[in-house]
Amino acid sequence: MEYITITADNLANEHLCCAIADKKHQCGVDTKRQWLAERIKEGHIFHKLNERGKVFIEYAPLEKAWVSACGKNYMFIYCHWVSGSFKGKGIGKELLDYCINDSKKKGKSGICVIVGKTKKPFLTDKAFMTKFGFKVVDTIDDYELLALSFDGTNPHFTENAHKQSIASKDLTIYYGLQCPYIPNCIAEIETFCKANKIPLSLVKIDTLEKAKSCPCVFNNWAVFHNGKYLTNHLLNESYLKKFLNI
């Protein structure tokens, strides 16, 4: 298997695996490239199989990761994805091994990742990670922070993340700029809410500080309704109707 790491030199030409097949998400790919251009300078890694498929691992130093978790000298895995015909060939392990070896070479204290106690969309699979030594180090409701510690230290969710609630009763979405699926999701939701006169508040997470201070478990996307955290599921019009029971 041949793998490629996205760098400042090849970012413009290499495909970004997670949205290669759907034309309506191509505007999000451009946004993702712009986001990555800044993050690569901070040590962000996007490592992928050199094939036309959704097969990659994406991680960054936890101190610079746009998530509601913190800790000293850790790596954070945003996304670990092997799909379709590439499953069952050991590629997932090879990608994780790359992250582990890279983290050790860089003198990191460990690696962490957000998962669900039960399977949740757009989050790494807990069963896979625990098979390779990751352990639960913090919990918020149905979400867990797993860590593979190299030196006995552990990261944790931020204090604000434990709130899982906001004052507004409106449909409120906190969203980041990392995932290429998000721009189209936002466009669909805005159109639907406007047509159906549903109060909507969009909170754009466009800085590290905003990401670290989110009042919920945040890994690119978080939905609130009636003041309570609802889901991390990306919403288009059909999913929005489901979650609002419309």
# chains A, B, ... in the order shown; residues from 1 in each chain; ligands from 1
>>> closest_atom_pairs(of="range 57-164 of chain A", to="range 35-49 of chain A", cutoff="9 Å", atoms="only C-alpha atoms", output="tab-separated table")
residue	atom	partner	partner_atom	distance
A:Ile57	CA	A:His47	CA	5.4
A:Glu58	CA	A:Phe46	CA	4.5
A:Tyr59	CA	A:Ile45	CA	5.3
A:Ala60	CA	A:His44	CA	4.3
A:Pro61	CA	A:Gly43	CA	6.6
A:Lys64	CA	A:Glu42	CA	7.0
A:Ala65	CA	A:His44	CA	8.3
A:Ile91	CA	A:Leu49	CA	8.4
A:Leu95	CA	A:His47	CA	7.6
A:Tyr98	CA	A:His47	CA	8.5
A:Cys99	CA	A:His47	CA	8.7
>>> select_by_dssp(residues="range 52-157 of chain A", states="strand (DSSP E)", output="JSON, numbers by chain")
{"A": [55, 56, 57, 58, 59, 60, 61, 69, 70, 74, 75, 76, 77, 78, 79, 80, 81, 82, 110, 111, 112, 113, 114, 115, 116, 135, 136, 137, 138, 139, 140, 143, 144, 145, 146, 147, 148, 149, 156, 157]}
>>> closest_atom_pairs(of="range 39-124 of chain A", to="range 213-221 of chain A", cutoff="8 Å", atoms="only C-alpha atoms", output="CSV")
residue,atom,partner,partner_atom,distance
A:Trp66,CA,A:Asn219,CA,7.2
A:Val67,CA,A:Asn219,CA,5.2
A:Ser68,CA,A:Phe218,CA,5.4
A:Tyr78,CA,A:Asn219,CA,7.2
A:Ile114,CA,A:Asn219,CA,7.9
>>> write_last_selection(atoms="all heavy atoms", output="mmCIF file, in the first residue's frame")
data_model
loop_
_atom_site.group_PDB
_atom_site.id
_atom_site.type_symbol
_atom_site.label_atom_id
_atom_site.label_comp_id
_atom_site.auth_asym_id
_atom_site.auth_seq_id
_atom_site.Cartn_x
_atom_site.Cartn_y
_atom_site.Cartn_z
ATOM 1 N N TRP A 66 -9.025 21.800 17.214
ATOM 2 C CA TRP A 66 -10.279 22.547 17.371
ATOM 3 C C TRP A 66 -11.374 21.637 17.923
ATOM 4 O O TRP A 66 -12.355 21.317 17.258
ATOM 5 C CB TRP A 66 -10.699 23.126 16.024
ATOM 6 C CG TRP A 66 -9.815 24.245 15.548
ATOM 7 C CD1 TRP A 66 -8.486 24.418 15.824
ATOM 8 C CD2 TRP A 66 -10.177 25.332 14.695
ATOM 9 N NE1 TRP A 66 -8.017 25.550 15.202
ATOM 10 C CE2 TRP A 66 -9.020 26.137 14.503
ATOM 11 C CE3 TRP A 66 -11.361 25.712 14.060
ATOM 12 C CZ2 TRP A 66 -9.017 27.279 13.713
ATOM 13 C CZ3 TRP A 66 -11.364 26.854 13.266
ATOM 14 C CH2 TRP A 66 -10.218 27.628 13.106
ATOM 15 N N VAL A 67 -11.191 21.213 19.156
ATOM 16 C CA VAL A 67 -12.121 20.325 19.848
ATOM 17 C C VAL A 67 -12.218 20.742 21.314
ATOM 18 O O VAL A 67 -11.338 21.434 21.829
ATOM 19 C CB VAL A 67 -11.665 18.851 19.774
ATOM 20 C CG1 VAL A 67 -11.733 18.328 18.355
ATOM 21 C CG2 VAL A 67 -10.255 18.686 20.344
ATOM 22 N N SER A 68 -13.274 20.290 21.981
ATOM 23 C CA SER A 68 -13.484 20.662 23.383
ATOM 24 C C SER A 68 -12.808 19.672 24.330
ATOM 25 O O SER A 68 -13.429 19.074 25.199
ATOM 26 C CB SER A 68 -14.979 20.746 23.684
ATOM 27 O OG SER A 68 -15.641 19.549 23.299
ATOM 28 N N TYR A 78 -8.828 13.529 14.813
ATOM 29 C CA TYR A 78 -10.109 14.082 14.382
ATOM 30 C C TYR A 78 -10.959 13.013 13.695
ATOM 31 O O TYR A 78 -12.148 12.878 13.942
ATOM 32 C CB TYR A 78 -9.894 15.199 13.360
ATOM 33 C CG TYR A 78 -9.459 16.526 13.880
ATOM 34 C CD1 TYR A 78 -8.142 16.956 13.713
ATOM 35 C CD2 TYR A 78 -10.358 17.395 14.494
ATOM 36 C CE1 TYR A 78 -7.742 18.216 14.143
ATOM 37 C CE2 TYR A 78 -9.960 18.643 14.931
ATOM 38 C CZ TYR A 78 -8.658 19.048 14.745
ATOM 39 O OH TYR A 78 -8.257 20.295 15.171
ATOM 40 N N ILE A 114 -12.242 11.374 20.473
ATOM 41 C CA ILE A 114 -13.608 11.383 21.002
ATOM 42 C C ILE A 114 -14.431 10.305 20.303
ATOM 43 O O ILE A 114 -14.426 10.202 19.074
ATOM 44 C CB ILE A 114 -14.275 12.758 20.780
ATOM 45 C CG1 ILE A 114 -13.540 13.839 21.580
ATOM 46 C CG2 ILE A 114 -15.747 12.715 21.211
ATOM 47 C CD1 ILE A 114 -14.030 15.250 21.297
#
>>> residues_around(residues="Asp170 in chain A", least_positions_apart="5", cutoff="8 Å", atoms="only C-alpha atoms", output="PDB file with all heavy atoms, in the first residue's frame")
ATOM      1  N   PRO A 199     -36.875  29.397  13.964  1.00  0.00           N
ATOM      2  CA  PRO A 199     -35.770  30.224  14.468  1.00  0.00           C
ATOM      3  C   PRO A 199     -34.469  29.429  14.470  1.00  0.00           C
ATOM      4  O   PRO A 199     -34.416  28.305  14.967  1.00  0.00           O
ATOM      5  CB  PRO A 199     -36.207  30.569  15.896  1.00  0.00           C
ATOM      6  CG  PRO A 199     -37.691  30.410  15.887  1.00  0.00           C
ATOM      7  CD  PRO A 199     -37.971  29.276  14.948  1.00  0.00           C
ATOM      8  N   LEU A 200     -33.439  30.013  13.867  1.00  0.00           N
ATOM      9  CA  LEU A 200     -32.161  29.321  13.716  1.00  0.00           C
ATOM     10  C   LEU A 200     -31.024  30.240  14.120  1.00  0.00           C
ATOM     11  O   LEU A 200     -30.973  31.402  13.726  1.00  0.00           O
ATOM     12  CB  LEU A 200     -31.973  28.890  12.256  1.00  0.00           C
ATOM     13  CG  LEU A 200     -30.602  28.318  11.861  1.00  0.00           C
ATOM     14  CD1 LEU A 200     -30.343  26.988  12.561  1.00  0.00           C
ATOM     15  CD2 LEU A 200     -30.502  28.170  10.341  1.00  0.00           C
ATOM     16  N   SER A 201     -30.100  29.705  14.891  1.00  0.00           N
ATOM     17  CA  SER A 201     -28.888  30.435  15.257  1.00  0.00           C
ATOM     18  C   SER A 201     -27.682  29.596  14.863  1.00  0.00           C
ATOM     19  O   SER A 201     -27.569  28.431  15.269  1.00  0.00           O
ATOM     20  CB  SER A 201     -28.865  30.713  16.769  1.00  0.00           C
ATOM     21  OG  SER A 201     -27.661  31.373  17.126  1.00  0.00           O
ATOM     22  N   PHE A 224     -28.048  22.054  19.100  1.00  0.00           N
ATOM     23  CA  PHE A 224     -28.869  22.274  20.291  1.00  0.00           C
ATOM     24  C   PHE A 224     -30.304  22.578  19.865  1.00  0.00           C
ATOM     25  O   PHE A 224     -30.538  23.207  18.831  1.00  0.00           O
ATOM     26  CB  PHE A 224     -28.346  23.470  21.093  1.00  0.00           C
ATOM     27  CG  PHE A 224     -27.052  23.243  21.817  1.00  0.00           C
ATOM     28  CD1 PHE A 224     -25.843  23.353  21.156  1.00  0.00           C
ATOM     29  CD2 PHE A 224     -27.054  22.921  23.178  1.00  0.00           C
ATOM     30  CE1 PHE A 224     -24.648  23.156  21.824  1.00  0.00           C
ATOM     31  CE2 PHE A 224     -25.862  22.723  23.851  1.00  0.00           C
ATOM     32  CZ  PHE A 224     -24.654  22.837  23.185  1.00  0.00           C
ATOM     33  N   HIS A 225     -31.248  22.163  20.710  1.00  0.00           N
ATOM     34  CA  HIS A 225     -32.649  22.538  20.502  1.00  0.00           C
ATOM     35  C   HIS A 225     -33.331  22.591  21.862  1.00  0.00           C
ATOM     36  O   HIS A 225     -33.091  21.726  22.715  1.00  0.00           O
ATOM     37  CB  HIS A 225     -33.363  21.525  19.599  1.00  0.00           C
ATOM     38  CG  HIS A 225     -34.700  21.993  19.125  1.00  0.00           C
ATOM     39  ND1 HIS A 225     -35.846  21.236  19.238  1.00  0.00           N
ATOM     40  CD2 HIS A 225     -35.089  23.166  18.537  1.00  0.00           C
ATOM     41  CE1 HIS A 225     -36.866  21.894  18.744  1.00  0.00           C
ATOM     42  NE2 HIS A 225     -36.437  23.071  18.313  1.00  0.00           N
ATOM     43  N   ASN A 226     -34.127  23.628  22.077  1.00  0.00           N
ATOM     44  CA  ASN A 226     -34.754  23.856  23.375  1.00  0.00           C
ATOM     45  C   ASN A 226     -33.726  23.933  24.498  1.00  0.00           C
ATOM     46  O   ASN A 226     -33.973  23.487  25.621  1.00  0.00           O
ATOM     47  CB  ASN A 226     -35.794  22.770  23.675  1.00  0.00           C
ATOM     48  CG  ASN A 226     -37.006  22.869  22.766  1.00  0.00           C
ATOM     49  OD1 ASN A 226     -37.432  23.961  22.402  1.00  0.00           O
ATOM     50  ND2 ASN A 226     -37.548  21.723  22.378  1.00  0.00           N
ATOM     51  N   GLY A 227     -32.573  24.478  24.163  1.00  0.00           N
ATOM     52  CA  GLY A 227     -31.537  24.701  25.160  1.00  0.00           C
ATOM     53  C   GLY A 227     -30.665  23.507  25.475  1.00  0.00           C
ATOM     54  O   GLY A 227     -29.695  23.626  26.235  1.00  0.00           O
TER      55      GLY A 227
END
>>> closest_residue(among="A:Lys89, A:Arg33, A:Lys212, A:His233", to="Phe157 in chain A", atoms="only C-alpha atoms")
A:Lys212
>>> atom_distance(atom1="CA of Gln164 in chain A", atom2="CA of Trp81 in chain A")
26.7 Å
>>> closest_residue(among="A:Lys228, A:Lys117, A:Lys131, A:Lys204", to="Ile166 in chain A", atoms="only C-alpha atoms")
A:Lys228
>>> residues_around(residues="Leu148 in chain A", least_positions_apart="6", cutoff="6 Å", atoms="only C-alpha atoms", output="PyMOL selection string")
chain A and resi 110-111+134
>>> atom_distance(atom1="CA of Phe132 in chain A", atom2="CA of Phe76 in chain A")
15.6 Å
>>> closest_residue(among="A:Lys72, A:Asp9, A:Glu209, A:Leu171", to="Lys197 in chain A", atoms="only C-alpha atoms")
A:Leu171
>>> residues_around(residues="Val82 in chain A", least_positions_apart="2", cutoff="6 Å", atoms="only C-alpha atoms", output="count of residues only")
3
>>> select_by_dssp(residues="range 91-181 of chain A", states="alpha helix (DSSP H)", output="PyMOL selection string")
chain A and resi 91-105+126-131
>>> write_last_selection(atoms="C-alpha atoms", output="compact mmCIF listing (two decimals), in the first residue's frame")
# COMPACT_ATOMS: atom_id res chain seq x y z
CA ILE A 91 -5.49 -0.47 6.33
CA GLY A 92 -7.18 0.98 9.41
CA LYS A 93 -4.46 -0.53 11.60
CA GLU A 94 -1.72 0.75 9.28
CA LEU A 95 -3.11 4.28 9.45
CA LEU A 96 -3.38 4.12 13.24
CA ASP A 97 0.13 2.67 13.51
CA TYR A 98 1.40 5.61 11.46
CA CYS A 99 -0.18 8.04 13.93
CA ILE A 100 1.20 6.13 16.94
CA ASN A 101 4.73 5.92 15.53
CA ASP A 102 4.68 9.56 14.42
CA SER A 103 3.49 10.67 17.86
CA LYS A 104 6.22 8.70 19.62
CA LYS A 105 8.90 10.09 17.29
CA LYS A 126 -14.69 2.93 19.96
CA ALA A 127 -14.35 -0.85 19.56
CA PHE A 128 -11.51 -0.46 17.06
CA MET A 129 -9.59 1.97 19.26
CA THR A 130 -9.93 -0.03 22.48
CA LYS A 131 -8.61 -3.09 20.64
>>> closest_residue(among="A:Asn160, A:Asn154, A:Ser85, A:Thr118", to="Lys210 in chain A", atoms="only C-alpha atoms")
A:Asn160
>>> residues_around(residues="Val115 in chain A", least_positions_apart="5", cutoff="7 Å", atoms="only C-alpha atoms", output="PDB file with C-alpha atoms, in the first residue's frame")
ATOM      1  CA  LEU A 123     -16.849   9.781  15.159  1.00  0.00           C
ATOM      2  CA  THR A 124     -14.123   7.142  15.300  1.00  0.00           C
ATOM      3  CA  ASP A 125     -15.248   3.633  16.250  1.00  0.00           C
ATOM      4  CA  LYS A 126     -14.693   2.928  19.958  1.00  0.00           C
ATOM      5  CA  TYR A 143     -19.517  10.628  24.749  1.00  0.00           C
ATOM      6  CA  GLU A 144     -16.120   9.422  25.866  1.00  0.00           C
ATOM      7  CA  LEU A 145     -12.564  10.653  25.510  1.00  0.00           C
TER       8      LEU A 145
END
